[in-house]
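What follows is a short report on a single structure.
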Amino acid sequence: AAEAVGTKQMPAQPKEAATKIAALVAAVGGTGSIWEKVEANDILPGQVGLVEAREALSDSLSKKALGGMEAIKAEREAVAWLKGLLECEVGPTELKDTRIGVVVNEWRKHSEPYISRLATALLASWKKAWRGGAEKTK
């Protein structure tokens with residue numbers, strides 16, 4: 001079954017995945033940051049969505065370097081993409097093929113604690129997926 005979100009259809013999350021997402025968001029939230037109110041972007045399933053997110057996050061890094069209002073808009077966009085990625089199931093193959101972790105790692109170094117924690121939570125969950133995939137190939 002799928003729920004209507006705007007004009008896009010998103011697959012319903014299994015209960016276990018929804019619990020995991022709620023735990024990650026709770027770990028990141030509670031900072032009082034203005035970024036907490038940013039809505040998550042919808043990520044297309046599979047590698048197509050991850051590549052789109054990687055490119056958007058990379059573009060946001062470039063715009064952030066410009067400073068001023070452009071930097072604030074870039075940070076807002078990055079937070080939306082990072083939150084969207086929290087809702088995705090990403091396996092080791094997708095991580096390797098898209099190299100999205102490299103760009104997310106750059107956002108982990110951000111001076112805003114909320115953005116940094118968001119990226120760190122993503123990387124931690126992906127590290128578990130990566131290690132789980134490595135065990136299956138042994």
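Residue numbers start at 1 in each chain; chains themselves are named A, B, ... in the order of the structure tokens; ligands are numbered from 1 in the order shown.
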
Practice item. Write out as a PyMOL selection string the residues lying within 8 Å of A:Val90, counting only C-alpha atoms and excluding same-chain residues fewer than 2 positions away. Key: chain A and resi 88+92+94-95+126+129

Output the selection as a tab-separated table (two decimals), in the first residue's frame - N, CA and C atoms for each residue.
chain	number	residue	atom	x	y	z
A	88	CYS	N	15.01	6.57	4.00
A	88	CYS	CA	15.32	5.58	2.96
A	88	CYS	C	16.03	4.38	3.54
A	92	PRO	N	24.38	-1.77	1.24
A	92	PRO	CA	25.79	-1.60	0.94
A	92	PRO	C	26.09	-1.40	-0.55
A	94	GLU	N	24.17	0.08	-2.82
A	94	GLU	CA	23.83	1.47	-3.17
A	94	GLU	C	24.87	2.44	-2.62
A	95	LEU	N	25.34	2.19	-1.41
A	95	LEU	CA	26.36	3.06	-0.81
A	95	LEU	C	27.63	3.06	-1.65
A	126	TRP	N	24.16	3.94	8.07
A	126	TRP	CA	24.73	3.35	6.86
A	126	TRP	C	25.92	2.47	7.18
A	129	ALA	N	24.60	-0.85	7.94
A	129	ALA	CA	24.18	-1.53	6.70
A	129	ALA	C	25.40	-2.05	5.96

Exercise for review: Pick out the residues sitting within 6 Å of stretch 41-49 of chain A, and hand them over as a PyMOL selection string; count only C-alpha atoms, and ignore anything fewer than 5 positions along from it in its own chain.
Suggested key: chain A and resi 80-81+84

**Study point:** Atom pair atom CA of A:Tyr114 / atom CA of A:Lys128: separation (Å)
**Key:** 21.5 Å

Point to revise | Neighbour list for A:Lys64 as a PyMOL selection string, cut-off 12 Å, only C-alpha atoms, skip fewer than 2 positions in-chain | key: chain A and resi 57-62+66-78+106-107+110-111

Exercise for review: Considering only C-alpha atoms, state which residue in the set A:Leu122, A:Val104, A:Glu52, A:Glu36 is at the smallest distance from A:Glu89.
Suggested key: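 Distance minimum relative to A:Glu89 lands on A:Leu122.
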
Practice item. Between A:Leu50, A:Val79, A:Val38, A:Thr93, single out the one closest to A:Pro113, counting only C-alpha atoms. Key: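 Looking at the shortest contact to A:Pro113, the residue is A:Val79.
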
Check your understanding: Pick the closest to A:Glu87 from A:Lys37, A:Ala121, A:Lys127, A:Ala65: which is it, counting only C-alpha atoms?
Key ->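 For A:Glu87, the nearest of the given residues is A:Ala121.
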
Check your understanding: Distance atom CA of A:Leu118-atom CA of A:Lys83, one decimal place?
Key ->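 Atom CA of A:Lys83 lies at a distance of 7.4 Å from atom CA of A:Leu118.
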
Exercise for review: Grab the atom CA of A:Glu55 to atom CA of A:Ser33 distance for me, in Å with one decimal place.
Suggested key: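 About the pair atom CA of A:Glu55 and atom CA of A:Ser33: they are 25.0 Å apart.
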
**Study point:** Within 9 Å of A:Arg54 using only C-alpha atoms, minus same-chain residues under 6 positions, as a list in words
**Key:**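 Once the nearby chain positions are removed, what remains is Trp81, Thr98, Arg99, Ile100, Gly101, Val102, Val103 and Val104 of chain A.
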
Could you save the residues just selected, with C-alpha atoms, as an mmCIF file, in the first residue's frame?
data_model
loop_
_atom_site.group_PDB
_atom_site.id
_atom_site.type_symbol
_atom_site.label_atom_id
_atom_site.label_comp_id
_atom_site.auth_asym_id
_atom_site.auth_seq_id
_atom_site.Cartn_x
_atom_site.Cartn_y
_atom_site.Cartn_z
ATOM 1 C CA TRP A 81 17.706 16.089 1.635
ATOM 2 C CA THR A 98 26.532 6.078 -5.460
ATOM 3 C CA ARG A 99 29.277 7.137 -3.005
ATOM 4 C CA ILE A 100 26.682 9.287 -1.266
ATOM 5 C CA GLY A 101 28.453 8.780 2.059
ATOM 6 C CA VAL A 102 31.334 10.971 0.879
ATOM 7 C CA VAL A 103 29.058 14.004 0.453
ATOM 8 C CA VAL A 104 27.093 13.315 3.643
#
